file final_17.txt (compact mmCIF, C-alpha atoms and all ligand atoms)
# COMPACT_ATOMS: atom_id res chain seq x y z
CA MET I 6 33.05 -9.23 -0.75
CA ALA I 7 32.12 -6.04 1.11
CA PRO I 8 35.23 -4.41 2.60
CA ASP I 9 34.08 -4.84 6.21
CA ALA I 10 32.75 -8.40 5.85
CA PRO I 11 34.46 -10.95 8.11
CA ARG I 12 37.15 -12.89 6.29
CA PRO I 13 36.91 -16.69 6.28
CA VAL I 14 39.55 -18.45 8.41
CA PRO I 15 41.52 -20.87 6.22
CA ALA I 16 41.47 -24.52 7.25
CA GLY I 17 44.35 -25.25 9.61
CA ALA I 18 44.86 -21.58 10.51
CA PRO I 19 45.80 -20.95 14.17
CA GLN I 20 42.89 -20.15 16.46
CA GLY I 21 42.74 -16.98 18.56
CA THR I 22 41.59 -13.44 18.15
CA PRO I 23 42.71 -11.98 14.83
CA GLY I 24 45.31 -9.29 15.33
CA LEU I 25 46.17 -10.30 18.88
CA VAL I 26 49.30 -12.13 19.96
CA THR I 27 49.27 -14.53 22.89
CA THR I 28 52.08 -13.41 25.16
CA SER I 29 53.34 -14.84 28.42
CA LEU I 30 54.62 -12.30 30.95
CA LEU I 31 56.38 -13.17 34.21
CA VAL I 32 55.37 -10.45 36.66
CA ASN I 33 56.32 -10.52 40.34
CA GLY I 34 56.93 -14.26 40.05
CA GLU I 35 53.54 -15.06 38.49
CA THR I 36 53.05 -16.02 34.85
CA TYR I 37 50.26 -14.27 32.95
CA SER I 38 49.10 -15.43 29.52
CA LEU I 39 47.70 -12.42 27.71
CA ASP I 40 46.18 -11.83 24.27
CA LEU I 41 47.69 -8.51 23.29
CA ASP I 42 47.70 -6.17 20.35
CA PRO I 43 51.39 -6.37 19.40
CA ARG I 44 51.65 -2.60 19.83
CA THR I 45 50.71 -2.79 23.54
CA THR I 46 53.32 -1.21 25.77
CA LEU I 47 54.57 -3.01 28.84
CA LEU I 48 52.97 -0.24 30.90
CA ASP I 49 49.51 -0.78 29.41
CA ALA I 50 49.88 -4.55 29.65
CA LEU I 51 50.67 -4.27 33.36
CA ARG I 52 47.91 -1.79 34.17
CA ASP I 53 45.11 -2.82 31.81
CA HIS I 54 45.67 -6.56 31.35
CA VAL I 55 47.47 -7.78 34.49
CA HIS I 56 45.56 -5.16 36.54
CA LEU I 57 48.55 -4.06 38.59
CA THR I 58 47.94 -0.32 38.78
CA GLY I 59 50.75 0.62 41.16
CA THR I 60 52.86 1.46 38.10
CA LYS I 61 51.70 4.89 36.96
CA LYS I 62 51.30 6.52 33.56
CA GLY I 63 52.50 10.10 33.60
CA CYS I 64 53.82 11.37 30.28
CA ASP I 65 53.63 8.06 28.32
CA HIS I 66 56.70 9.36 26.45
CA GLY I 67 59.69 8.30 28.53
CA GLN I 68 60.15 11.66 30.20
CA CYS I 69 58.77 11.42 33.75
CA GLY I 70 59.76 8.01 35.17
CA ALA I 71 56.34 7.36 36.73
CA CYS I 72 56.15 4.04 34.87
CA THR I 73 59.53 2.68 36.05
CA VAL I 74 59.63 -1.08 36.63
CA HIS I 75 62.46 -3.60 36.82
CA VAL I 76 63.16 -5.98 33.94
CA ASN I 77 65.68 -8.64 34.92
CA GLY I 78 66.72 -6.38 37.80
CA ARG I 79 67.32 -3.25 35.74
CA ARG I 80 65.08 -0.21 35.67
CA VAL I 81 63.06 0.38 32.54
CA ASN I 82 60.48 2.95 31.48
CA ALA I 83 57.54 0.65 30.84
CA CYS I 84 55.85 3.18 28.56
CA LEU I 85 58.73 2.84 26.09
CA ALA I 86 58.82 -0.97 26.05
CA LEU I 87 56.65 -3.30 24.01
CA ALA I 88 55.11 -6.05 26.14
CA ILE I 89 55.68 -8.75 23.53
CA ALA I 90 59.41 -7.98 23.59
CA HIS I 91 59.61 -9.05 27.23
CA GLU I 92 58.23 -12.55 27.10
CA GLY I 93 60.28 -14.65 29.53
CA ASP I 94 61.87 -11.67 31.26
CA ALA I 95 61.50 -11.26 35.03
CA ILE I 96 59.39 -8.13 35.51
CA THR I 97 59.00 -6.56 38.93
CA THR I 98 56.50 -3.84 39.78
CA ILE I 99 56.03 -1.90 42.99
CA GLU I 100 53.54 -4.58 44.10
CA GLY I 101 56.34 -7.14 43.87
CA LEU I 102 58.76 -5.10 45.94
CA GLY I 103 56.82 -5.12 49.18
CA GLN I 104 53.35 -5.17 50.61
CA PRO I 105 51.69 -3.43 53.57
CA GLY I 106 53.11 -5.07 56.67
CA CYS I 107 56.15 -6.32 54.77
CA LEU I 108 57.61 -3.25 53.06
CA HIS I 109 60.91 -3.11 51.22
CA PRO I 110 63.46 -1.00 53.16
CA MET I 111 63.22 1.68 50.45
CA GLN I 112 59.44 1.85 50.86
CA GLU I 113 59.90 2.17 54.63
CA ALA I 114 62.46 4.94 54.14
CA PHE I 115 60.12 6.89 51.85
CA VAL I 116 57.42 6.69 54.53
CA GLU I 117 59.84 7.74 57.31
CA HIS I 118 61.26 10.67 55.35
CA ASP I 119 58.03 11.94 53.75
CA GLY I 120 59.37 11.10 50.30
CA TYR I 121 56.03 11.81 48.69
CA GLN I 122 53.11 14.21 48.76
CA CYS I 123 50.43 13.25 46.21
CA GLY I 124 52.21 9.93 45.69
CA TYR I 125 51.71 9.77 41.93
CA CYS I 126 55.41 9.58 41.11
CA THR I 127 56.29 7.48 44.15
CA SER I 128 56.22 3.95 42.77
CA GLY I 129 58.50 5.00 39.91
CA GLN I 130 60.79 6.85 42.30
CA ILE I 131 61.07 3.81 44.55
CA MET I 132 61.69 1.41 41.65
CA SER I 133 64.47 3.68 40.37
CA ALA I 134 65.89 4.11 43.86
CA VAL I 135 66.06 0.35 44.43
CA ALA I 136 67.67 -0.20 41.02
CA MET I 137 70.33 2.44 41.67
CA LEU I 138 71.50 0.49 44.73
CA GLU I 139 73.00 -1.98 42.24
CA GLU I 140 74.43 0.71 39.95
CA PRO I 141 77.93 2.24 40.22
CA TRP I 142 77.04 5.66 41.63
CA GLY I 143 79.22 7.60 44.02
CA PRO I 144 78.16 8.20 47.61
CA GLY I 145 77.13 11.88 47.54
CA ASP I 146 73.75 13.56 47.25
CA ALA I 147 74.79 14.93 43.85
CA GLU I 148 75.21 11.40 42.52
CA VAL I 149 71.80 10.40 43.88
CA LYS I 150 70.22 13.42 42.20
CA GLU I 151 71.91 12.53 38.91
CA ALA I 152 70.87 8.88 39.19
CA MET I 153 67.27 9.90 39.90
CA SER I 154 67.10 12.65 37.28
CA GLY I 155 64.81 10.59 35.06
CA ASN I 156 62.12 10.60 37.73
CA ILE I 157 60.10 13.81 37.89
CA CYS I 158 58.13 14.80 41.02
CA ARG I 159 55.66 17.59 40.44
CA CYS I 160 55.09 17.97 44.18
CA GLY I 161 58.78 18.72 44.68
CA ALA I 162 59.50 16.07 47.29
CA TYR I 163 63.05 15.78 45.98
CA SER I 164 65.02 16.61 49.12
CA ASN I 165 63.08 14.05 51.15
CA ILE I 166 63.50 11.46 48.39
CA VAL I 167 67.27 11.98 48.43
CA ALA I 168 67.28 11.68 52.24
CA ALA I 169 65.32 8.41 52.09
CA ILE I 170 67.64 6.94 49.47
CA GLN I 171 70.78 7.94 51.35
CA VAL I 172 69.54 6.26 54.54
CA VAL I 173 68.99 3.00 52.69
CA ARG I 174 72.35 3.25 50.87
CA ALA I 175 74.13 3.80 54.15
CA LYS I 176 72.70 0.56 55.51
CA ALA I 177 73.28 -1.49 52.31
S1 LIG N 201 54.94 7.45 31.80
FE1 LIG N 201 56.76 6.46 31.21
S2 LIG N 201 58.31 7.96 31.48
FE2 LIG N 201 56.45 9.02 31.86
S1 LIG N 202 54.72 13.15 45.24
FE1 LIG N 202 53.35 14.14 43.87
S2 LIG N 202 54.35 14.03 41.97
FE2 LIG N 202 55.81 13.28 43.35

call {"tool": "encode", "arguments": {"input": "final_17.txt", "output": "structure tokens"}}
result
Amino acid sequence: MAPDAPRPVPAGAPQGTPGLVTTSLLVNGETYSLDLDPRTTLLDALRDHVHLTGTKKGCDHGQCGACTVHVNGRRVNACLALAIAHEGDAITTIEGLGQPGCLHPMQEAFVEHDGYQCGYCTSGQIMSAVAMLEEPWGPGDAEVKEAMSGNICRCGAYSNIVAAIQVVRAKA
């Protein structure tokens, strides 16, 4: 048989696209059944298959935080996670946090305090900021900066981001 000829499917073999794995992802409360290359990252699954593009791809190497989402309430760099490893987990993206007209308090605070300029890093910043509300950080600005150190902002909106986070923490 020529090397690139299609291989016959044995009788009784499972149907589906060869090489792809059917994966069920629970995103923002909705279940999505996706046929994925098993190497697909959670970030690419969210953006390219679920078509939720609020989660951004910056470095794609776990260094910028633009891709931060919540998995079972904890922040995760989606570019470092395999989608098939998160079947059954509760995944939340920025679209699941709030919507125009019904923003999460952290989204409102970012708007009020000009916590963004170009906005590319903003969804990751907000997802990290919301997650840190449940983490054992001290009350000062230094602790906020440390907690948010995995989220890079090339526009340099850092001081406004810290101000927005501190306002929400004070009310929590
Ligand atoms: S895109 Fe994931 S950390 Fe940069
Ligand atoms: S607002 Fe532009 S990178 Fe952060």

call {"tool": "closest_residue", "arguments": {"input": "final_17.txt", "among": "I:Arg44, I:Arg52, I:Lys61, I:Arg79", "to": "Glu139 of chain I", "atoms": "only C-alpha atoms"}}
result
I:Arg79

call {"tool": "closest_residue", "arguments": {"input": "final_17.txt", "among": "I:Leu102, I:Ala177, I:Cys84, I:Cys69", "to": "Met153 of chain I", "atoms": "all atoms listed in the file"}}
result
I:Cys69

call {"tool": "residues_near_point", "arguments": {"input": "final_17.txt", "point": "(46.9, -5.7, 19.4)", "cutoff": "9 Å", "atoms": "all atoms listed in the file", "output": "list in words"}}
result
Pro23, Gly24, Leu25, Val26, Asp40, Leu41, Asp42, Pro43, Arg44 and Thr45 of chain I

call {"tool": "residues_around", "arguments": {"input": "final_17.txt", "residues": "segment 119-125 of chain I", "least_positions_apart": "2", "cutoff": "10 Å", "atoms": "all atoms listed in the file", "output": "ChimeraX atom specification"}}
result
/I:59-63,71,112-117,127-131,158-170

call {"tool": "atom_distance", "arguments": {"input": "final_17.txt", "atom1": "atom CA of Leu57 of chain I", "atom2": "atom CA of Cys126 of chain I"}}
result
15.5 Å

call {"tool": "closest_residue", "arguments": {"input": "final_17.txt", "among": "I:His109, I:Lys176, I:His118, I:His54", "to": "Ala88 of chain I", "atoms": "only C-alpha atoms"}}
result
I:His54

call {"tool": "residues_around", "arguments": {"input": "final_17.txt", "residues": "Gly155 of chain I", "least_positions_apart": "3", "cutoff": "8 Å", "atoms": "all atoms listed in the file", "output": "number ranges by chain"}}
result
I: 68-70, 152

call {"tool": "atom_distance", "arguments": {"input": "final_17.txt", "atom1": "atom CA of Ile89 of chain I", "atom2": "atom CA of Gly101 of chain I"}}
result
20.4 Å
